[in-house]
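S.K.: Got a structure for you, questions after.
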Amino acid sequence: MKNKSCLLFSAFMLAMVVILFLSILLAVSLGAADITMADAFGVLVKPLPIVGRWVNASYDEVYYSIVWGIRLPRILLAAIVGMGLAAAGTAFQGMLRNPMADPYVLGVSSGASFGATISIVLGIGSGFMGLAGSTTAAFIGAVLTMAAVYTLGRAGRKSSMVTLLLAGIAVSSFLSAMVSFMMILNHDKLESIVLWTMGSFAMASWTSLYISFPIIMFGSIVLWFMSKEMNALLMGDETALHLGVDVNKVRRLLLAVGSLITASAVSVSGIIGFVGLIIPHVVRLFTGPDHRRLLPAAAVSGAIFMIISDTLARTAMAPIEIPVGIITSLVGGPFFLYLLVRNRNAAYRG
């Protein structure tokens with residue numbers, strides 16, 4: 001039975017990786033310039049060592065500029081951000097035993113955006129070192145925000161689900177108001193600040209990918225190595241303690257790593273809500289609650305979801321580009337309400 005379950009999970013992951021590759025290929029081919037999927041594949045593969053020699057066709061330099069210079073870094077950045085937000089959301093839900101927890105609802109995204117906005121206002125939010133400084137500011141904002149929400153949501157030594165959600169919404173609203181206030185005071189930097197508040201990959205580059213990729217990948221791997229601890233937390237604090245898990249230490253580490261991932265994602269994309277809420281719930285239907293399977297599956301699914309969302313954002317109303325945060329919120333808002341109604345009905349039945 002266990003071998004069959006492993007085979008099913010392996011088949012599921014293989015299917016998701018194939019879908020991820022096809023999503024990247026489709027996204028590369030779509031845009032103002034007409035590029036077929038076959039040509040997009042050839043342009044992607046031809047510069048690569050070894051495999052590139054099998055592509056005999058020749059392509060115009062314009063194709064390489066569009067695919068490698070504009071579209072590919074944006075698509076890969078969307079994938080890594082989606083992966084990070086989905087992994088962080090999965091960790092927060094497991095850590096808090098709260099099905100409605102995610103970096104956006106808990107205010108971490110707003111905290112990271114607030115920190116990044118401060119860096120823009122102070123003039124350290126542009127260029128290579130500016131992006132690194134913005135990431136640091138976003139990380140500090142995310143950690144402080146999550147710590148404040150977690151503290152406000154505690155009842156004694158336990159965390160109240162309702163209080164935690166209300167605290168996250170309140171803190172997020174306050175920080176959003178502060179960002180809006182800074183926008184009023186800094187008209188010359190209004191466009192840069194709006195980028196954070198609505199979420200966009202329009203300014204994506206290889207530089208932003210090089211900075212965010214190692215942070216998000218390392219953080220996601222750390223979360224995966226803590227899968228057993230998160231599984232223990234799902235059974236309750238007392239059970240986890242009996243299993244030898246230092247609950248407070250694990251929660252603090254999950255908080256720090258999840259906030260780091262979120263901060264790195266927000267620092268290059270702005271606020272993109274509900275990815276960490278939707279993806280873990282959908283993937284859990286296929287993998288179950290075991291974080292050893294749930295986390296990698298959610299990460300790949302988050303990458304696919306974000307690529308599709310960003311592709312819709314830049315092509316649905318072309319030449320006008322819709323902020324990708326609007327796309328994810330249109331999907332995530334109703335889904336969040338559905339979870340609220342479902343949990344309320346479950347509480348009444350209980």
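Chain labels run A, B, ... following the order of the structure tokens; each chain numbers its residues from 1, and ligands are numbered from 1 in the order shown.
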Using only C-alpha atoms, find each residue of segment 163-226 of chain A with at least one atom at most 8 Å away from an atom of segment 268-273 of chain A; report its shortest atom-to-atom pair and that distance in Å (one decimal), sort the rows by chain and rising residue number, and return the result as JSON lines.

M.R.:
```
{"residue": "A:Leu195", "atom": "CA", "partner": "A:Gly270", "partner_atom": "CA", "distance": 6.0}
{"residue": "A:Trp196", "atom": "CA", "partner": "A:Gly270", "partner_atom": "CA", "distance": 3.6}
{"residue": "A:Thr197", "atom": "CA", "partner": "A:Ile271", "partner_atom": "CA", "distance": 5.5}
{"residue": "A:Met198", "atom": "CA", "partner": "A:Ile271", "partner_atom": "CA", "distance": 5.9}
{"residue": "A:Gly199", "atom": "CA", "partner": "A:Gly270", "partner_atom": "CA", "distance": 4.2}
{"residue": "A:Ser200", "atom": "CA", "partner": "A:Ser269", "partner_atom": "CA", "distance": 5.3}
{"residue": "A:Phe201", "atom": "CA", "partner": "A:Ser269", "partner_atom": "CA", "distance": 5.6}
{"residue": "A:Ala204", "atom": "CA", "partner": "A:Val268", "partner_atom": "CA", "distance": 7.5}
{"residue": "A:Ser208", "atom": "CA", "partner": "A:Val268", "partner_atom": "CA", "distance": 6.3}
{"residue": "A:Ser212", "atom": "CA", "partner": "A:Val268", "partner_atom": "CA", "distance": 7.4}
```

S.K.: Write the selection just made, keeping N, CA and C atoms, as a CSV table (one decimal), in the first residue's frame?

M.R.:
```csv
chain,number,residue,atom,x,y,z
A,195,LEU,N,3.9,49.8,-7.6
A,195,LEU,CA,4.3,48.5,-8.0
A,195,LEU,C,4.2,47.5,-6.8
A,196,TRP,N,4.5,47.9,-5.6
A,196,TRP,CA,4.5,47.1,-4.5
A,196,TRP,C,3.0,46.8,-4.0
A,197,THR,N,2.2,47.8,-4.1
A,197,THR,CA,0.8,47.7,-3.6
A,197,THR,C,-0.1,46.9,-4.5
A,198,MET,N,0.2,46.7,-5.8
A,198,MET,CA,-0.7,46.0,-6.7
A,198,MET,C,-0.1,44.7,-7.2
A,199,GLY,N,1.2,44.6,-7.1
A,199,GLY,CA,1.9,43.4,-7.5
A,199,GLY,C,2.1,43.3,-9.1
A,200,SER,N,3.3,43.2,-9.5
A,200,SER,CA,3.6,43.2,-10.9
A,200,SER,C,5.0,42.6,-11.2
A,201,PHE,N,5.1,42.0,-12.4
A,201,PHE,CA,6.4,41.5,-12.8
A,201,PHE,C,6.9,42.3,-14.0
A,204,ALA,N,10.6,42.9,-14.1
A,204,ALA,CA,11.4,41.7,-13.9
A,204,ALA,C,12.7,41.7,-14.7
A,208,SER,N,17.0,40.6,-10.6
A,208,SER,CA,16.0,40.3,-9.6
A,208,SER,C,15.8,38.8,-9.4
A,212,SER,N,16.5,36.8,-5.8
A,212,SER,CA,15.4,36.1,-5.1
A,212,SER,C,15.5,34.6,-5.2
```

S.K.: Name all residues at most 7 Å from segment 174-176 of chain A (count only C-alpha atoms; drop same-chain ones fewer than 2 positions away) and give them as a PyMOL selection string.

M.R.: chain A and resi 110-111+114+170-172+178-180

S.K.: For Gly302 of chain A, work out the shell of residues within 6 Å, counting only C-alpha atoms and skipping chain neighbours fewer than 5 positions away, then give it as an mmCIF file with N, CA and C atoms, in the first residue's frame.

M.R.:
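For reference, result.cif as written:
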```
data_model
loop_
_atom_site.group_PDB
_atom_site.id
_atom_site.type_symbol
_atom_site.label_atom_id
_atom_site.label_comp_id
_atom_site.auth_asym_id
_atom_site.auth_seq_id
_atom_site.Cartn_x
_atom_site.Cartn_y
_atom_site.Cartn_z
ATOM 1 N N GLY A 82 5.819 32.428 -7.123
ATOM 2 C CA GLY A 82 4.674 31.562 -6.851
ATOM 3 C C GLY A 82 5.056 30.370 -5.997
ATOM 4 N N MET A 83 6.213 29.783 -6.287
ATOM 5 C CA MET A 83 6.697 28.665 -5.496
ATOM 6 C C MET A 83 6.923 29.080 -4.050
ATOM 7 N N ALA A 86 3.575 29.867 -2.141
ATOM 8 C CA ALA A 86 2.844 28.629 -1.857
ATOM 9 C C ALA A 86 3.509 27.836 -0.732
#
```

S.K.: Would you list the contacts of Asp34 of chain A as JSON, numbers by chain, taking every protein, DNA or RNA residue within 12 Å and counting only C-alpha atoms, but skipping same-chain residues closer than 5 positions in sequence?

M.R.: {"A": [26, 27, 28, 29, 39, 40, 62, 63, 66, 67]}

S.K.: Please write the residues from the selection above to a file, keeping N, CA and C atoms, as a PDB file, in the first residue's frame.

M.R.:
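Everything below was put into selection-v4.pdb:
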```
ATOM      1  N   LEU A  26       4.397  27.898 -23.107  1.00  0.00           N
ATOM      2  CA  LEU A  26       3.241  28.652 -23.595  1.00  0.00           C
ATOM      3  C   LEU A  26       3.386  30.136 -23.273  1.00  0.00           C
ATOM      4  N   ALA A  27       3.839  30.434 -22.058  1.00  0.00           N
ATOM      5  CA  ALA A  27       3.993  31.832 -21.648  1.00  0.00           C
ATOM      6  C   ALA A  27       5.050  32.540 -22.479  1.00  0.00           C
ATOM      7  N   VAL A  28       6.116  31.827 -22.843  1.00  0.00           N
ATOM      8  CA  VAL A  28       7.174  32.415 -23.669  1.00  0.00           C
ATOM      9  C   VAL A  28       6.652  32.756 -25.060  1.00  0.00           C
ATOM     10  N   SER A  29       5.731  31.951 -25.567  1.00  0.00           N
ATOM     11  CA  SER A  29       5.239  32.155 -26.927  1.00  0.00           C
ATOM     12  C   SER A  29       4.168  33.237 -27.034  1.00  0.00           C
ATOM     13  N   ASP A  39       8.846  27.510 -32.235  1.00  0.00           N
ATOM     14  CA  ASP A  39       9.954  28.458 -32.310  1.00  0.00           C
ATOM     15  C   ASP A  39      10.440  28.849 -30.920  1.00  0.00           C
ATOM     16  N   ALA A  40       9.489  29.024 -29.989  1.00  0.00           N
ATOM     17  CA  ALA A  40       9.863  29.357 -28.614  1.00  0.00           C
ATOM     18  C   ALA A  40      10.729  28.261 -28.008  1.00  0.00           C
ATOM     19  N   VAL A  62      16.196  38.984 -33.017  1.00  0.00           N
ATOM     20  CA  VAL A  62      15.077  39.604 -32.314  1.00  0.00           C
ATOM     21  C   VAL A  62      14.375  38.575 -31.431  1.00  0.00           C
ATOM     22  N   TYR A  63      14.264  37.345 -31.928  1.00  0.00           N
ATOM     23  CA  TYR A  63      13.633  36.277 -31.160  1.00  0.00           C
ATOM     24  C   TYR A  63      14.396  36.039 -29.851  1.00  0.00           C
ATOM     25  N   ILE A  66      13.769  38.896 -27.399  1.00  0.00           N
ATOM     26  CA  ILE A  66      12.437  38.855 -26.788  1.00  0.00           C
ATOM     27  C   ILE A  66      12.351  37.734 -25.764  1.00  0.00           C
ATOM     28  N   VAL A  67      12.795  36.536 -26.163  1.00  0.00           N
ATOM     29  CA  VAL A  67      12.639  35.360 -25.297  1.00  0.00           C
ATOM     30  C   VAL A  67      13.593  35.414 -24.111  1.00  0.00           C
TER      31      VAL A  67
END
```

S.K.: Within 10 Å of segment 7-12 of chain A, counting only C-alpha atoms, which residues show up once you throw out same-chain ones fewer than 2 positions away? Write them as number ranges by chain, please.

M.R.: A: 1-5, 14-18, 286-287, 293-294, 297

S.K.: Those selected residues, please, written with C-alpha atoms and delivered as a PDB file, in the first residue's frame.

M.R.:
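File part-v7.pdb, as written:
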```pdb
ATOM      1  CA  MET A   1       0.000   0.000   0.000  1.00  0.00           C
ATOM      2  CA  LYS A   2       2.842   2.358   0.878  1.00  0.00           C
ATOM      3  CA  ASN A   3       4.654   1.596  -2.401  1.00  0.00           C
ATOM      4  CA  LYS A   4       1.442   2.274  -4.333  1.00  0.00           C
ATOM      5  CA  SER A   5       1.040   5.617  -2.554  1.00  0.00           C
ATOM      6  CA  LEU A  14       5.952  14.113 -12.765  1.00  0.00           C
ATOM      7  CA  ALA A  15       2.692  15.369 -14.245  1.00  0.00           C
ATOM      8  CA  MET A  16       3.044  18.690 -12.422  1.00  0.00           C
ATOM      9  CA  VAL A  17       6.627  19.149 -13.658  1.00  0.00           C
ATOM     10  CA  VAL A  18       5.491  18.489 -17.235  1.00  0.00           C
ATOM     11  CA  PHE A 286      -4.238  15.104  -4.072  1.00  0.00           C
ATOM     12  CA  THR A 287      -1.369  14.600  -1.628  1.00  0.00           C
ATOM     13  CA  ARG A 293       4.589  15.501  -0.028  1.00  0.00           C
ATOM     14  CA  LEU A 294       2.436  18.585   0.359  1.00  0.00           C
ATOM     15  CA  ALA A 297       3.702  19.599  -4.650  1.00  0.00           C
TER      16      ALA A 297
END
```

S.K.: What is the distance between atom CA of Gly333 of chain A and atom CA of Arg314 of chain A, in Å to one decimal?

M.R.: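 Atom CA of Arg314 of chain A lies 20.8 Å from atom CA of Gly333 of chain A.
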
S.K.: Please report the interatomic distance between atom CA of Asp246 of chain A and atom CA of His291 of chain A in Å with one decimal.

M.R.: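 That distance, rounded to one decimal, is 17.8 Å.
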
S.K.: Compile the contact shell of Ala32 of chain A as a ChimeraX atom specification: residues with an atom at most 9 Å away, counting only C-alpha atoms, same-chain residues fewer than 6 positions apart removed.

M.R.: /A:315,318-319

S.K.: Next, write the just-selected residues to a file, as a PDB file, in the first residue's frame, keeping C-alpha atoms as the atom set.

M.R.:
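Everything below was put into result-v8.pdb:
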```
ATOM      1  CA  THR A 315      -2.151  39.347 -22.451  1.00  0.00           C
ATOM      2  CA  ALA A 318      -3.147  43.834 -24.223  1.00  0.00           C
ATOM      3  CA  PRO A 319      -1.626  46.350 -24.709  1.00  0.00           C
TER       4      PRO A 319
END
```

S.K.: Assign secondary structure with DSSP using the backbone only, and return the residues of segment 167-326 of chain A in alpha helix (DSSP H) as a ChimeraX atom specification.

M.R.: /A:167-185,190-198,206-225,227-234,237-242,247-269,275-287,291-315,324-326

S.K.: Please measure the separation of atom CA of Lys189 of chain A and atom CA of Gly123 of chain A, giving the value in Å to one decimal.

M.R.: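 Distance reported for this atom pair: 9.4 Å.
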
S.K.: From a DSSP pass on the backbone, collect the residues of segment 52-181 of chain A flagged as strand (DSSP E or B) and hand them back as a list in words.

M.R.: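 Output for segment 52-181 of chain A, strand (DSSP E or B) only: Arg154, Ala155, Lys158 and Ser159 of chain A.
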
S.K.: Just write the chosen residues, all heavy atoms, as a PDB file, in the first residue's frame.

M.R.:
```pdb
ATOM      1  N   ARG A 154      -2.095  35.450  20.378  1.00  0.00           N
ATOM      2  CA  ARG A 154      -1.884  34.458  21.433  1.00  0.00           C
ATOM      3  C   ARG A 154      -2.874  34.661  22.567  1.00  0.00           C
ATOM      4  O   ARG A 154      -3.190  35.773  22.952  1.00  0.00           O
ATOM      5  CB  ARG A 154      -0.457  34.543  21.983  1.00  0.00           C
ATOM      6  CG  ARG A 154       0.595  34.017  21.035  1.00  0.00           C
ATOM      7  CD  ARG A 154       1.985  34.211  21.599  1.00  0.00           C
ATOM      8  NE  ARG A 154       2.192  33.425  22.802  1.00  0.00           N
ATOM      9  CZ  ARG A 154       2.619  32.170  22.823  1.00  0.00           C
ATOM     10  NH1 ARG A 154       2.849  31.557  21.693  1.00  0.00           N
ATOM     11  NH2 ARG A 154       2.804  31.528  23.952  1.00  0.00           N
ATOM     12  N   ALA A 155      -3.370  33.542  23.081  1.00  0.00           N
ATOM     13  CA  ALA A 155      -4.225  33.533  24.272  1.00  0.00           C
ATOM     14  C   ALA A 155      -3.531  32.633  25.286  1.00  0.00           C
ATOM     15  O   ALA A 155      -3.644  31.414  25.239  1.00  0.00           O
ATOM     16  CB  ALA A 155      -5.615  33.011  23.943  1.00  0.00           C
ATOM     17  N   LYS A 158      -1.406  29.580  23.899  1.00  0.00           N
ATOM     18  CA  LYS A 158      -1.974  29.065  22.673  1.00  0.00           C
ATOM     19  C   LYS A 158      -2.360  30.220  21.759  1.00  0.00           C
ATOM     20  O   LYS A 158      -2.541  31.340  22.196  1.00  0.00           O
ATOM     21  CB  LYS A 158      -3.196  28.195  22.970  1.00  0.00           C
ATOM     22  CG  LYS A 158      -2.874  26.943  23.793  1.00  0.00           C
ATOM     23  CD  LYS A 158      -4.125  26.106  24.001  1.00  0.00           C
ATOM     24  CE  LYS A 158      -3.796  24.840  24.801  1.00  0.00           C
ATOM     25  NZ  LYS A 158      -5.000  24.012  25.025  1.00  0.00           N
ATOM     26  N   SER A 159      -2.501  29.895  20.492  1.00  0.00           N
ATOM     27  CA  SER A 159      -2.891  30.890  19.509  1.00  0.00           C
ATOM     28  C   SER A 159      -4.363  30.719  19.176  1.00  0.00           C
ATOM     29  O   SER A 159      -4.808  29.611  18.866  1.00  0.00           O
ATOM     30  CB  SER A 159      -2.049  30.752  18.228  1.00  0.00           C
ATOM     31  OG  SER A 159      -0.692  30.987  18.500  1.00  0.00           O
TER      32      SER A 159
END
```

S.K.: Go through A:Ala263, A:Leu152, A:Met306, A:Ile80 one by one, measure the shortest atom-to-atom distance of each to Pro103 of chain A using only C-alpha atoms, and give the residue with the smallest value.

M.R.: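 The answer is A:Ala263, which sits nearest to Pro103 of chain A.
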
S.K.: Give the answer as one residue: which of A:Ile278, A:Ile124, A:Tyr210, A:Asp60 has the shortest atom-to-atom distance to Tyr338 of chain A, using only C-alpha atoms?

M.R.: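 Of all the options, A:Ile278 lies closest to Tyr338 of chain A.
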
S.K.: Under the rule that only C-alpha atoms are counted, which of A:Arg71, A:Ala137, A:Asp310, A:Arg292 is the nearest residue to Ile322 of chain A?

M.R.: A:Asp310

S.K.: Find, counting only C-alpha atoms, the residue in A:Leu340, A:Leu85, A:Val45, A:Leu20 that gets nearest to Thr328 of chain A.

M.R.: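 Looking only at the distances to Thr328 of chain A, the closest residue turns out to be A:Leu85.
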